[in-house]
>>> print(open('model.csv').read())   # CSV, C-alpha atoms and all ligand atoms
chain,number,residue,atom,x,y,z
A,1,MET,CA,23.4,-23.3,2.7
A,2,THR,CA,22.3,-26.5,4.5
A,3,GLN,CA,23.4,-27.1,8.1
A,4,THR,CA,25.9,-29.9,7.4
A,5,PRO,CA,28.1,-27.9,4.9
A,6,ALA,CA,27.8,-24.9,7.2
A,7,ARG,CA,29.2,-27.0,10.1
A,8,LEU,CA,32.0,-28.2,7.9
A,9,VAL,CA,33.0,-24.8,6.6
A,10,LEU,CA,32.8,-23.3,10.1
A,11,ALA,CA,34.9,-26.2,11.5
A,12,CYS,CA,37.5,-25.7,8.8
A,13,CYS,CA,37.7,-22.0,9.5
A,14,VAL,CA,38.0,-22.5,13.2
A,15,LEU,CA,40.7,-25.2,12.7
A,16,LEU,CA,42.5,-23.0,10.3
A,17,PHE,CA,42.4,-20.1,12.8
A,18,VAL,CA,43.2,-22.0,16.0
A,19,GLY,CA,45.7,-24.3,14.4
A,20,PRO,CA,48.6,-22.7,12.7
A,21,VAL,CA,47.8,-19.0,13.5
A,22,GLY,CA,46.5,-19.0,17.0
A,23,GLY,CA,47.8,-22.4,18.1
A,24,ALA,CA,50.5,-21.2,20.4
A,25,ALA,CA,48.3,-18.8,22.4
A,26,VAL,CA,45.0,-20.7,22.3
A,27,LEU,CA,46.2,-24.3,22.7
A,28,GLY,CA,49.0,-23.5,25.2
A,29,ALA,CA,51.9,-24.3,23.0
A,30,GLY,CA,55.3,-23.3,24.4
A,31,ALA,CA,56.8,-20.0,23.4
A,32,GLY,CA,59.8,-21.8,22.0
A,33,GLN,CA,57.8,-23.9,19.6
A,34,PRO,CA,55.6,-21.5,17.7
A,35,ASP,CA,55.7,-23.6,14.5
A,36,THR,CA,54.6,-26.8,16.1
A,37,PRO,CA,50.9,-26.8,16.9
A,38,SER,CA,49.7,-28.9,19.8
A,39,PRO,CA,47.0,-31.4,19.4
A,40,LEU,CA,43.4,-30.2,20.3
A,41,ALA,CA,42.6,-30.6,24.0
A,42,LEU,CA,39.2,-31.7,25.3
A,43,ASP,CA,38.5,-28.1,26.5
A,44,ASP,CA,39.2,-26.8,23.0
A,45,LEU,CA,36.9,-29.4,21.4
A,46,ALA,CA,34.1,-28.2,23.8
A,47,ALA,CA,34.8,-24.5,22.7
A,48,LEU,CA,34.7,-25.6,19.0
A,49,ASP,CA,31.4,-27.4,19.6
A,50,ALA,CA,30.0,-24.3,21.3
A,51,LEU,CA,30.9,-22.2,18.3
A,52,ILE,CA,29.3,-24.6,15.9
A,53,GLU,CA,26.1,-24.7,18.1
A,54,GLU,CA,26.1,-20.9,18.1
A,55,ASP,CA,26.3,-20.9,14.3
A,56,GLU,CA,23.5,-23.3,14.1
A,57,GLY,CA,21.3,-21.1,16.3
A,58,ALA,CA,22.1,-18.1,14.0
A,59,ASP,CA,21.3,-20.2,10.9
A,60,GLU,CA,17.9,-21.2,12.5
A,61,ALA,CA,17.1,-17.6,13.3
A,62,VAL,CA,17.9,-16.6,9.7
A,63,VAL,CA,15.8,-19.4,8.4
A,64,GLU,CA,12.9,-18.3,10.7
A,65,LEU,CA,13.3,-14.7,9.6
A,66,ASP,CA,13.3,-15.8,5.9
A,67,ALA,CA,10.2,-17.9,6.5
A,68,GLY,CA,8.4,-15.0,8.2
A,69,ALA,CA,9.4,-12.6,5.4
A,70,ALA,CA,8.2,-15.2,2.7
A,71,LEU,CA,4.9,-15.6,4.5
A,72,ASP,CA,4.5,-11.8,4.7
A,73,VAL,CA,5.2,-11.4,1.0
A,74,THR,CA,2.8,-14.3,0.1
A,75,LEU,CA,-0.1,-13.0,2.1
A,76,LEU,CA,0.4,-9.5,0.8
A,77,ALA,CA,0.6,-10.8,-2.8
A,78,GLY,CA,-2.7,-12.6,-2.0
A,79,VAL,CA,-4.4,-9.4,-0.8
A,80,LEU,CA,-3.1,-7.4,-3.8
A,81,GLY,CA,-4.0,-10.2,-6.2
A,82,PHE,CA,-7.5,-10.4,-4.9
A,83,ALA,CA,-7.9,-6.6,-5.1
A,84,LEU,CA,-6.8,-6.7,-8.7
A,85,TYR,CA,-9.1,-9.6,-9.4
A,86,SER,CA,-12.1,-7.8,-7.9
A,87,PHE,CA,-11.2,-4.7,-10.0
A,88,LYS,CA,-11.0,-6.8,-13.2
A,89,ARG,CA,-14.3,-8.5,-12.4
A,90,ARG,CA,-16.0,-5.1,-11.6
A,91,SER,CA,-17.9,-6.8,-8.9
A,92,GLU,CA,-19.3,-4.8,-6.0
A,93,SER,CA,-19.4,-7.8,-3.6
A,94,LEU,CA,-15.7,-8.7,-4.4
A,95,LYS,CA,-14.8,-5.1,-3.8
A,96,LEU,CA,-16.4,-5.3,-0.3
A,97,VAL,CA,-14.3,-8.4,0.4
A,98,SER,CA,-11.2,-6.7,-0.8
A,99,TRP,CA,-11.9,-3.8,1.5
A,100,LEU,CA,-12.4,-6.1,4.5
A,101,LEU,CA,-9.0,-7.9,3.6
A,102,SER,CA,-7.3,-4.5,3.5
A,103,ILE,CA,-8.8,-3.3,6.7
A,104,GLY,CA,-8.2,-6.5,8.6
A,105,TYR,CA,-4.8,-7.6,7.2
A,106,LEU,CA,-3.1,-4.5,5.9
A,107,GLY,CA,-4.7,-2.3,8.5
A,108,PHE,CA,-5.2,-3.8,11.9
A,109,TYR,CA,-2.9,-6.8,11.6
A,110,LYS,CA,0.1,-5.3,9.7
A,111,ALA,CA,-0.5,-1.6,9.9
A,112,SER,CA,1.1,-1.5,6.5
A,113,LEU,CA,-0.1,1.5,4.4
A,114,VAL,CA,1.7,3.7,1.9
A,115,SER,CA,2.4,6.8,3.9
A,116,VAL,CA,3.7,10.3,3.4
A,117,VAL,CA,6.7,9.0,5.3
A,118,ASP,CA,7.6,6.9,2.2
A,119,ILE,CA,7.5,10.1,0.2
A,120,PHE,CA,9.8,11.8,2.7
A,121,GLY,CA,12.1,8.7,2.6
A,122,ALA,CA,12.2,8.7,-1.2
A,123,LEU,CA,13.1,12.4,-1.2
A,124,ARG,CA,15.8,11.9,1.4
A,125,ALA,CA,17.1,8.6,-0.1
A,126,SER,CA,16.4,6.9,3.2
A,127,LEU,CA,14.4,3.8,2.5
A,128,PRO,CA,14.6,0.4,4.2
A,129,ALA,CA,17.2,-2.1,3.0
A,130,PHE,CA,15.6,-4.5,0.4
A,131,GLN,CA,16.4,-7.6,2.4
A,132,ASP,CA,14.6,-6.2,5.4
A,133,GLY,CA,11.5,-5.1,3.6
A,134,GLN,CA,10.5,-7.3,0.7
A,135,ALA,CA,6.8,-6.9,1.6
A,136,TYR,CA,7.2,-3.1,1.9
A,137,TYR,CA,8.8,-3.0,-1.6
A,138,LEU,CA,6.1,-5.2,-3.0
A,139,LEU,CA,3.4,-2.9,-1.7
A,140,ILE,CA,5.2,0.2,-3.1
A,141,ALA,CA,5.9,-1.4,-6.5
A,142,PHE,CA,2.3,-2.6,-6.8
A,143,THR,CA,1.0,0.9,-5.8
A,144,LEU,CA,3.2,2.7,-8.3
A,145,ALA,CA,2.7,0.2,-11.2
A,146,SER,CA,-1.1,0.0,-10.7
A,147,THR,CA,-1.4,3.8,-10.6
A,148,VAL,CA,0.5,4.1,-13.9
A,149,LEU,CA,-1.6,1.3,-15.4
A,150,TRP,CA,-5.1,2.1,-14.1
A,151,GLY,CA,-5.0,5.1,-11.8
A,152,ARG,CA,-5.5,5.3,-8.0
A,153,LEU,CA,-6.5,1.7,-7.7
A,154,TYR,CA,-4.5,1.7,-4.4
A,155,CYS,CA,-6.9,4.3,-3.0
A,156,GLY,CA,-10.0,2.5,-4.3
A,157,ARG,CA,-9.2,-1.0,-2.9
A,158,ILE,CA,-6.0,-1.4,-1.0
A,159,CYS,CA,-5.4,1.5,1.4
A,160,ALA,CA,-6.9,0.3,4.7
A,161,PHE,CA,-8.0,3.8,5.7
A,162,GLY,CA,-9.7,4.5,2.4
A,163,ALA,CA,-11.4,1.1,2.6
A,164,LEU,CA,-12.6,1.9,6.1
A,165,THR,CA,-14.1,5.2,5.1
A,166,GLN,CA,-15.7,3.7,2.0
A,167,LEU,CA,-17.2,1.0,4.1
A,168,MET,CA,-18.5,3.7,6.5
A,169,ASP,CA,-20.1,5.3,3.5
A,170,ARG,CA,-22.0,2.1,2.9
A,171,ILE,CA,-23.2,1.9,6.5
A,172,VAL,CA,-24.0,5.6,7.4
A,173,PRO,CA,-27.6,6.5,6.5
A,174,ALA,CA,-27.8,8.8,3.5
A,175,ARG,CA,-29.7,11.4,5.4
A,176,PHE,CA,-26.6,12.3,7.4
A,177,ARG,CA,-24.8,13.2,4.2
A,178,VAL,CA,-23.8,16.7,3.3
A,179,GLU,CA,-22.5,17.0,-0.3
A,180,PRO,CA,-20.3,20.1,-0.8
A,181,PRO,CA,-21.5,22.1,-3.8
A,182,ALA,CA,-19.5,21.4,-7.0
A,183,TRP,CA,-17.8,24.8,-7.0
A,184,LEU,CA,-16.5,24.2,-3.5
A,185,ASP,CA,-15.5,20.6,-4.1
A,186,ARG,CA,-13.5,21.7,-7.2
A,187,ARG,CA,-11.5,24.1,-5.0
A,188,LEU,CA,-11.2,21.8,-1.9
A,189,VAL,CA,-9.5,19.0,-3.9
A,190,TYR,CA,-6.4,21.3,-4.2
A,191,LEU,CA,-6.0,21.3,-0.4
A,192,LYS,CA,-4.4,17.9,-0.5
A,193,TYR,CA,-1.7,19.2,-2.8
A,194,VAL,CA,-1.1,22.1,-0.5
A,195,MET,CA,-0.8,19.6,2.4
A,196,LEU,CA,1.7,17.5,0.5
A,197,GLY,CA,3.8,20.4,-0.6
A,198,THR,CA,3.8,22.0,2.8
A,199,ALA,CA,4.7,18.7,4.5
A,200,VAL,CA,7.6,18.0,2.1
A,201,LEU,CA,9.0,21.5,2.5
A,202,TYR,CA,8.7,21.3,6.2
A,203,VAL,CA,10.5,17.9,6.4
A,204,LEU,CA,13.2,19.0,4.0
A,205,ALA,CA,13.8,22.1,6.0
A,206,SER,CA,13.5,20.6,9.5
A,207,GLY,CA,14.3,16.9,9.1
A,208,ASP,CA,11.3,16.3,11.4
A,209,THR,CA,9.4,13.3,9.8
A,210,LEU,CA,7.2,12.8,12.9
A,211,VAL,CA,4.9,15.5,11.5
A,212,TYR,CA,3.2,12.6,9.6
A,213,ARG,CA,1.3,11.8,12.8
A,214,TYR,CA,-0.6,15.0,12.6
A,215,ILE,CA,-1.3,15.1,8.9
A,216,GLU,CA,-2.4,11.5,8.3
A,217,PRO,CA,-4.5,9.1,10.4
A,218,PHE,CA,-2.9,5.8,9.4
A,219,TRP,CA,-1.2,5.4,12.8
A,220,MET,CA,-4.7,4.5,14.1
A,221,PHE,CA,-4.1,1.0,13.0
A,222,THR,CA,-1.3,0.7,15.5
A,223,ARG,CA,-3.6,2.1,18.2
A,224,ASN,CA,-0.6,4.0,19.4
A,225,GLY,CA,-1.3,7.7,19.5
A,226,ASN,CA,-1.2,10.6,22.0
A,227,ALA,CA,-4.2,12.7,23.1
A,228,ILE,CA,-3.9,15.2,20.3
A,229,MET,CA,-3.7,12.5,17.7
A,230,TRP,CA,-6.8,10.7,19.1
A,231,THR,CA,-8.7,14.0,19.2
A,232,LEU,CA,-7.9,14.8,15.6
A,233,LEU,CA,-8.8,11.3,14.5
A,234,THR,CA,-12.2,11.5,16.3
A,235,ILE,CA,-12.9,14.8,14.6
A,236,LEU,CA,-11.9,13.4,11.2
A,237,LEU,CA,-14.1,10.3,11.6
A,238,LEU,CA,-17.0,12.4,12.7
A,239,ALA,CA,-16.5,14.6,9.7
A,240,THR,CA,-16.4,11.5,7.5
A,241,VAL,CA,-19.9,10.6,8.7
A,242,PHE,CA,-21.2,13.8,7.2
A,243,VAL,CA,-18.9,14.3,4.2
A,244,ARG,CA,-18.1,11.1,2.5
A,245,ASN,CA,-14.4,10.3,2.1
A,246,VAL,CA,-13.5,13.8,3.3
A,247,TYR,CA,-9.9,12.9,4.2
A,248,CYS,CA,-9.2,11.1,0.9
A,249,ARG,CA,-10.8,13.8,-1.3
A,250,TYR,CA,-9.4,16.9,0.3
A,251,LEU,CA,-6.6,16.2,2.8
A,252,CYS,CA,-4.5,13.1,2.0
A,253,SER,CA,-0.9,13.8,0.9
A,254,VAL,CA,-0.5,10.2,-0.4
A,255,GLY,CA,-3.7,10.6,-2.5
A,256,ALA,CA,-2.2,13.9,-3.8
A,257,GLY,CA,1.0,12.1,-4.8
A,258,LEU,CA,-0.9,9.3,-6.5
A,259,GLY,CA,-3.2,11.8,-8.1
A,260,LEU,CA,-0.2,13.5,-9.8
A,261,LEU,CA,1.1,10.1,-10.9
A,262,SER,CA,-2.3,9.0,-12.2
A,263,ASN,CA,-2.0,11.6,-15.0
A,264,LEU,CA,0.2,9.0,-16.6
A,265,THR,CA,-2.6,6.3,-16.5
A,266,VAL,CA,-2.3,4.0,-19.5
A,267,PHE,CA,-5.7,2.2,-19.4
A,268,LYS,CA,-8.2,5.0,-19.0
A,269,ILE,CA,-11.9,4.8,-18.3
A,270,LYS,CA,-13.9,4.7,-21.6
A,271,ARG,CA,-16.6,7.2,-22.4
A,272,TRP,CA,-19.4,7.3,-25.0
A,273,GLY,CA,-20.3,10.3,-27.2
A,274,GLU,CA,-23.5,10.5,-25.2
A,275,CYS,CA,-21.5,11.3,-22.0
A,276,SER,CA,-21.2,14.9,-23.0
A,277,THR,CA,-24.9,15.4,-22.2
A,278,CYS,CA,-25.7,12.6,-19.8
A,279,LYS,CA,-25.1,13.3,-16.2
A,280,LEU,CA,-25.8,9.8,-14.8
A,281,CYS,CA,-22.2,8.8,-14.1
A,282,GLU,CA,-21.3,12.2,-12.8
A,283,LYS,CA,-24.1,11.9,-10.2
A,284,THR,CA,-23.1,8.4,-9.4
A,285,CYS,CA,-19.4,9.2,-8.7
A,286,GLU,CA,-18.9,9.5,-5.0
A,287,TRP,CA,-15.5,11.0,-5.5
A,288,GLY,CA,-16.4,14.1,-7.6
A,289,ALA,CA,-14.2,12.7,-10.3
A,290,ILE,CA,-16.5,13.3,-13.3
A,291,ASP,CA,-17.0,16.7,-14.8
A,292,GLY,CA,-19.4,16.3,-17.7
A,293,PRO,CA,-17.8,13.9,-20.2
A,294,LYS,CA,-14.4,14.3,-18.6
A,295,ILE,CA,-12.9,11.9,-16.0
A,296,LEU,CA,-10.7,13.8,-13.6
A,297,VAL,CA,-8.0,11.1,-13.3
A,298,SER,CA,-6.3,12.7,-10.3
A,299,GLU,CA,-9.5,12.3,-8.3
A,300,CYS,CA,-10.7,9.0,-9.7
A,301,VAL,CA,-10.0,5.9,-7.5
A,302,ARG,CA,-11.2,3.4,-10.1
A,303,CYS,CA,-14.1,2.4,-7.9
A,304,ASP,CA,-15.7,1.1,-11.1
A,305,ASP,CA,-19.2,2.5,-10.4
A,306,CYS,CA,-19.2,4.5,-13.6
A,307,GLU,CA,-17.7,1.6,-15.6
A,308,ARG,CA,-20.5,-0.6,-14.6
A,309,LEU,CA,-22.9,2.0,-15.8
A,310,TYR,CA,-21.0,2.4,-19.0
A,311,ALA,CA,-21.5,-1.3,-19.7
A,312,ASP,CA,-25.1,-1.5,-18.5
A,313,GLU,CA,-27.4,-1.9,-21.5
A,314,ASP,CA,-30.5,-1.2,-19.4
A,315,LYS,CA,-29.4,2.1,-17.8
A,316,CYS,CA,-26.8,3.8,-20.0
A,317,PRO,CA,-28.4,6.1,-22.6
A,318,HIS,CA,-25.8,5.0,-25.1
A,319,TRP,CA,-27.2,1.5,-25.2
A,320,LEU,CA,-30.8,2.7,-24.9
A,321,ILE,CA,-30.4,4.9,-27.9
A,322,GLN,CA,-28.8,2.0,-29.8
A,323,LYS,CA,-31.7,-0.2,-29.0
A,324,HIS,CA,-34.2,2.5,-29.9
A,325,VAL,CA,-32.5,3.0,-33.3
A,326,ALA,CA,-32.4,-0.7,-33.9
A,327,ARG,CA,-36.1,-1.1,-33.1
A,328,ARG,CA,-37.0,1.8,-35.4
A,329,ALA,CA,-34.9,0.3,-38.2
A,330,ALA,CA,-36.6,-3.1,-37.7
A,331,SER,CA,-40.1,-1.6,-37.7
A,332,ALA,CA,-39.3,0.6,-40.8
A,333,GLY,CA,-37.9,-2.5,-42.6
A,401,LIG,S1,-6.5,9.2,-0.5
A,401,LIG,FE1,-5.1,8.6,1.1
A,401,LIG,S2,-6.3,7.7,2.8
A,401,LIG,FE2,-7.6,7.8,1.0
A,401,LIG,S3,-7.4,5.8,0.1
A,401,LIG,FE3,-5.8,7.1,-0.9
A,401,LIG,S4,-4.0,6.9,0.3
A,401,LIG,FE4,-5.7,6.1,1.5
A,402,LIG,S1,-24.6,6.5,-18.2
A,402,LIG,FE1,-23.6,6.0,-20.1
A,402,LIG,S2,-23.9,7.9,-21.4
A,402,LIG,FE2,-24.4,8.4,-19.3
A,402,LIG,S3,-22.5,9.3,-18.5
A,402,LIG,FE3,-22.5,7.1,-18.0
A,402,LIG,S4,-21.4,6.1,-19.7
A,402,LIG,FE4,-21.9,8.1,-20.4
A,403,LIG,S1,-17.3,6.5,-10.4
A,403,LIG,FE1,-15.8,6.4,-12.1
A,403,LIG,S2,-14.8,8.3,-12.2
A,403,LIG,FE2,-15.8,8.2,-10.2
A,403,LIG,S3,-14.2,7.3,-8.9
A,403,LIG,FE3,-15.4,5.6,-9.6
A,403,LIG,S4,-14.3,4.9,-11.4
A,403,LIG,FE4,-13.6,7.0,-10.9
>>> encode(input="model.csv", output="structure tokens")
Amino acid sequence: MTQTPARLVLACCVLLFVGPVGGAAVLGAGAGQPDTPSPLALDDLAALDALIEEDEGADEAVVELDAGAALDVTLLAGVLGFALYSFKRRSESLKLVSWLLSIGYLGFYKASLVSVVDIFGALRASLPAFQDGQAYYLLIAFTLASTVLWGRLYCGRICAFGALTQLMDRIVPARFRVEPPAWLDRRLVYLKYVMLGTAVLYVLASGDTLVYRYIEPFWMFTRNGNAIMWTLLTILLLATVFVRNVYCRYLCSVGAGLGLLSNLTVFKIKRWGECSTCKLCEKTCEWGAIDGPKILVSECVRCDDCERLYADEDKCPHWLIQKHVARRAASAG
């Protein structure tokens, strides 16, 4: 509604109220003349004007709120759109930019990450009202839809904490790395499901949602934690120096939830027949998400490292064999 019609509507309402209904009391009409409204006095006009001013102030606040929410949604849509674009382009440099946007905007600026608290909220039917959280719902909708379409794309590009640890992985010298043996890795990945199940049961039984502060480190983007939280975070980041993506791979409840959902993935990663014997992609995958020819969808974050290999005609044995066969056919002919 524009301000002028709003003023008119408010003025009519006030006149309707203070005139025939409240006229006797408000405008000082005599007790014996209840049906004869008095004309408006100067004082009453001033009161009416004050009411209209107040309404204008409220209108401006709402407009400001709407503008802020619209900007939030637009910027978030930009970050999500860029992440999707970088995924579709399978570009390593665009992925880096996407991580930086997530860390800077979604992390340190907005502190807006999908959290186990959202899972608690969904289970207890206690989520924010839509009009107060359009950006929140956009992030949740994108996360769920992209997981069903492609898998844990949220983990691979959008989650600010995941982006931070993946960036650490690029910076920390390889000699510091300790790679858990495959047999241990295969068992440790189940730990995150135990974390999720335990946290959900605990919250359903106790109603204490604040437990999230001790099972996920996302609060770090608010820089608002107690001594125990900072100590746990320091230990976690130190562990991440030695074991890449340790929290994401073994401990994250959100990652566990998205891992379960990613079993519905529509557009799966393609494989060649040669993948049953070739180990190149398995060795390349930093998430332990490839087991022989099989992609473990619940662990895969669609980082696209193996997809670039799949399409690489100079590295992937599938293409090398094709070229070799073509050369032999040409020389035989
Ligand atoms: S596993 Fe958890 S912390 Fe890691 S990227 Fe996914 S949601 Fe973020
Ligand atoms: S490099 Fe090619 S053949 Fe080897 S695992 Fe990857 S996609 Fe399969
Ligand atoms: S390398 Fe492939 S399987 Fe491993 S996380 Fe990346 S996209 Fe998924």
>>> closest_residue(input="model.csv", among="A:Gly107, A:Val117, A:Leu138, A:Ala256", to="Ala163 in chain A", atoms="only C-alpha atoms")
A:Gly107
>>> residues_near_ligand(input="model.csv", ligand="ligand LIG 402 (chain A)", cutoff="7 Å", atoms="all atoms listed in the file", output="ChimeraX atom specification")
/A:271-272,274-275,278-282,293,306,309-310,315-318
>>> write_last_selection(input="model.csv", atoms="C-alpha atoms", output="PDB file, in the coordinates of the input")
ATOM      1  CA  ARG A 271     -16.600   7.200 -22.400  1.00  0.00           C
ATOM      2  CA  TRP A 272     -19.400   7.300 -25.000  1.00  0.00           C
ATOM      3  CA  GLU A 274     -23.500  10.500 -25.200  1.00  0.00           C
ATOM      4  CA  CYS A 275     -21.500  11.300 -22.000  1.00  0.00           C
ATOM      5  CA  CYS A 278     -25.700  12.600 -19.800  1.00  0.00           C
ATOM      6  CA  LYS A 279     -25.100  13.300 -16.200  1.00  0.00           C
ATOM      7  CA  LEU A 280     -25.800   9.800 -14.800  1.00  0.00           C
ATOM      8  CA  CYS A 281     -22.200   8.800 -14.100  1.00  0.00           C
ATOM      9  CA  GLU A 282     -21.300  12.200 -12.800  1.00  0.00           C
ATOM     10  CA  PRO A 293     -17.800  13.900 -20.200  1.00  0.00           C
ATOM     11  CA  CYS A 306     -19.200   4.500 -13.600  1.00  0.00           C
ATOM     12  CA  LEU A 309     -22.900   2.000 -15.800  1.00  0.00           C
ATOM     13  CA  TYR A 310     -21.000   2.400 -19.000  1.00  0.00           C
ATOM     14  CA  LYS A 315     -29.400   2.100 -17.800  1.00  0.00           C
ATOM     15  CA  CYS A 316     -26.800   3.800 -20.000  1.00  0.00           C
ATOM     16  CA  PRO A 317     -28.400   6.100 -22.600  1.00  0.00           C
ATOM     17  CA  HIS A 318     -25.800   5.000 -25.100  1.00  0.00           C
TER      18      HIS A 318
END
>>> closest_atom_pairs(input="model.csv", of="chain A", to="ligand LIG 403 (chain A)", cutoff="12 Å", atoms="all atoms listed in the file", output="tab-separated table")
residue	atom	partner	partner_atom	distance
A:Phe87	CA	A:LIG403	S4	10.2
A:Arg90	CA	A:LIG403	S4	10.1
A:Glu92	CA	A:LIG403	FE3	11.7
A:Trp150	CA	A:LIG403	S4	10.0
A:Gly151	CA	A:LIG403	FE4	8.9
A:Arg152	CA	A:LIG403	FE4	8.8
A:Leu153	CA	A:LIG403	S4	9.2
A:Cys155	CA	A:LIG403	S3	9.9
A:Gly156	CA	A:LIG403	S3	7.9
A:Arg157	CA	A:LIG403	FE3	11.3
A:Gln166	CA	A:LIG403	S3	11.6
A:Asn245	CA	A:LIG403	S3	11.4
A:Cys248	CA	A:LIG403	S3	11.6
A:Arg249	CA	A:LIG403	S3	10.6
A:Gly259	CA	A:LIG403	FE4	11.8
A:Ser262	CA	A:LIG403	FE4	11.5
A:Lys268	CA	A:LIG403	S4	9.7
A:Ile269	CA	A:LIG403	S4	7.3
A:Lys270	CA	A:LIG403	FE1	9.8
A:Arg271	CA	A:LIG403	FE1	10.4
A:Lys279	CA	A:LIG403	S1	11.9
A:Leu280	CA	A:LIG403	S1	10.1
A:Cys281	CA	A:LIG403	S1	6.6
A:Glu282	CA	A:LIG403	FE2	7.3
A:Lys283	CA	A:LIG403	S1	8.7
A:Thr284	CA	A:LIG403	S1	6.2
A:Cys285	CA	A:LIG403	S1	3.8
A:Glu286	CA	A:LIG403	FE2	6.2
A:Trp287	CA	A:LIG403	S3	5.2
A:Gly288	CA	A:LIG403	FE2	6.5
A:Ala289	CA	A:LIG403	FE2	4.8
A:Ile290	CA	A:LIG403	S2	5.4
A:Asp291	CA	A:LIG403	S2	9.1
A:Gly292	CA	A:LIG403	S2	10.7
A:Pro293	CA	A:LIG403	S2	10.2
A:Lys294	CA	A:LIG403	S2	8.8
A:Ile295	CA	A:LIG403	S2	5.6
A:Leu296	CA	A:LIG403	S2	7.0
A:Val297	CA	A:LIG403	FE4	7.3
A:Ser298	CA	A:LIG403	FE4	9.3
A:Glu299	CA	A:LIG403	S3	6.9
A:Cys300	CA	A:LIG403	FE4	3.7
A:Val301	CA	A:LIG403	S3	4.6
A:Arg302	CA	A:LIG403	S4	3.7
A:Cys303	CA	A:LIG403	FE3	3.8
A:Asp304	CA	A:LIG403	S4	4.1
A:Asp305	CA	A:LIG403	S1	4.4
A:Cys306	CA	A:LIG403	FE1	4.2
A:Glu307	CA	A:LIG403	FE1	6.2
A:Arg308	CA	A:LIG403	FE1	8.8
A:Leu309	CA	A:LIG403	S1	9.0
A:Tyr310	CA	A:LIG403	FE1	9.5
>>> write_last_selection(input="model.csv", atoms="C-alpha atoms", output="CSV table (one decimal), in the frame of the given file")
chain,number,residue,atom,x,y,z
A,87,PHE,CA,-11.2,-4.7,-10.0
A,90,ARG,CA,-16.0,-5.1,-11.6
A,92,GLU,CA,-19.3,-4.8,-6.0
A,150,TRP,CA,-5.1,2.1,-14.1
A,151,GLY,CA,-5.0,5.1,-11.8
A,152,ARG,CA,-5.5,5.3,-8.0
A,153,LEU,CA,-6.5,1.7,-7.7
A,155,CYS,CA,-6.9,4.3,-3.0
A,156,GLY,CA,-10.0,2.5,-4.3
A,157,ARG,CA,-9.2,-1.0,-2.9
A,166,GLN,CA,-15.7,3.7,2.0
A,245,ASN,CA,-14.4,10.3,2.1
A,248,CYS,CA,-9.2,11.1,0.9
A,249,ARG,CA,-10.8,13.8,-1.3
A,259,GLY,CA,-3.2,11.8,-8.1
A,262,SER,CA,-2.3,9.0,-12.2
A,268,LYS,CA,-8.2,5.0,-19.0
A,269,ILE,CA,-11.9,4.8,-18.3
A,270,LYS,CA,-13.9,4.7,-21.6
A,271,ARG,CA,-16.6,7.2,-22.4
A,279,LYS,CA,-25.1,13.3,-16.2
A,280,LEU,CA,-25.8,9.8,-14.8
A,281,CYS,CA,-22.2,8.8,-14.1
A,282,GLU,CA,-21.3,12.2,-12.8
A,283,LYS,CA,-24.1,11.9,-10.2
A,284,THR,CA,-23.1,8.4,-9.4
A,285,CYS,CA,-19.4,9.2,-8.7
A,286,GLU,CA,-18.9,9.5,-5.0
A,287,TRP,CA,-15.5,11.0,-5.5
A,288,GLY,CA,-16.4,14.1,-7.6
A,289,ALA,CA,-14.2,12.7,-10.3
A,290,ILE,CA,-16.5,13.3,-13.3
A,291,ASP,CA,-17.0,16.7,-14.8
A,292,GLY,CA,-19.4,16.3,-17.7
A,293,PRO,CA,-17.8,13.9,-20.2
A,294,LYS,CA,-14.4,14.3,-18.6
A,295,ILE,CA,-12.9,11.9,-16.0
A,296,LEU,CA,-10.7,13.8,-13.6
A,297,VAL,CA,-8.0,11.1,-13.3
A,298,SER,CA,-6.3,12.7,-10.3
A,299,GLU,CA,-9.5,12.3,-8.3
A,300,CYS,CA,-10.7,9.0,-9.7
A,301,VAL,CA,-10.0,5.9,-7.5
A,302,ARG,CA,-11.2,3.4,-10.1
A,303,CYS,CA,-14.1,2.4,-7.9
A,304,ASP,CA,-15.7,1.1,-11.1
A,305,ASP,CA,-19.2,2.5,-10.4
A,306,CYS,CA,-19.2,4.5,-13.6
A,307,GLU,CA,-17.7,1.6,-15.6
A,308,ARG,CA,-20.5,-0.6,-14.6
A,309,LEU,CA,-22.9,2.0,-15.8
A,310,TYR,CA,-21.0,2.4,-19.0
>>> residues_around(input="model.csv", residues="range 168-171 of chain A", least_positions_apart="6", cutoff="10 Å", atoms="all atoms listed in the file", output="list in words")
Leu96, Gly162, Arg177, Leu237, Thr240, Val241, Phe242, Val243, Arg244, Asn245 and Glu286 of chain A
>>> write_last_selection(input="model.csv", atoms="C-alpha atoms", output="short mmCIF file (atom, residue, chain, number, x, y, z; two decimals), in the frame of the given file")
data_model
loop_
_atom_site.label_atom_id
_atom_site.label_comp_id
_atom_site.auth_asym_id
_atom_site.auth_seq_id
_atom_site.Cartn_x
_atom_site.Cartn_y
_atom_site.Cartn_z
CA LEU A 96 -16.40 -5.30 -0.30
CA GLY A 162 -9.70 4.50 2.40
CA ARG A 177 -24.80 13.20 4.20
CA LEU A 237 -14.10 10.30 11.60
CA THR A 240 -16.40 11.50 7.50
CA VAL A 241 -19.90 10.60 8.70
CA PHE A 242 -21.20 13.80 7.20
CA VAL A 243 -18.90 14.30 4.20
CA ARG A 244 -18.10 11.10 2.50
CA ASN A 245 -14.40 10.30 2.10
CA GLU A 286 -18.90 9.50 -5.00
#
>>> atom_distance(input="model.csv", atom1="CA of Leu106 in chain A", atom2="CA of Leu196 in chain A")
23.2 Å
>>> residues_around(input="model.csv", residues="Val148 in chain A", least_positions_apart="6", cutoff="10 Å", atoms="only C-alpha atoms", output="JSON, numbers by chain")
{"A": [142, 258, 261, 262, 263, 264, 265, 266, 267]}
>>> atom_distance(input="model.csv", atom1="CA of Ile140 in chain A", atom2="CA of Val114 in chain A")
7.0 Å
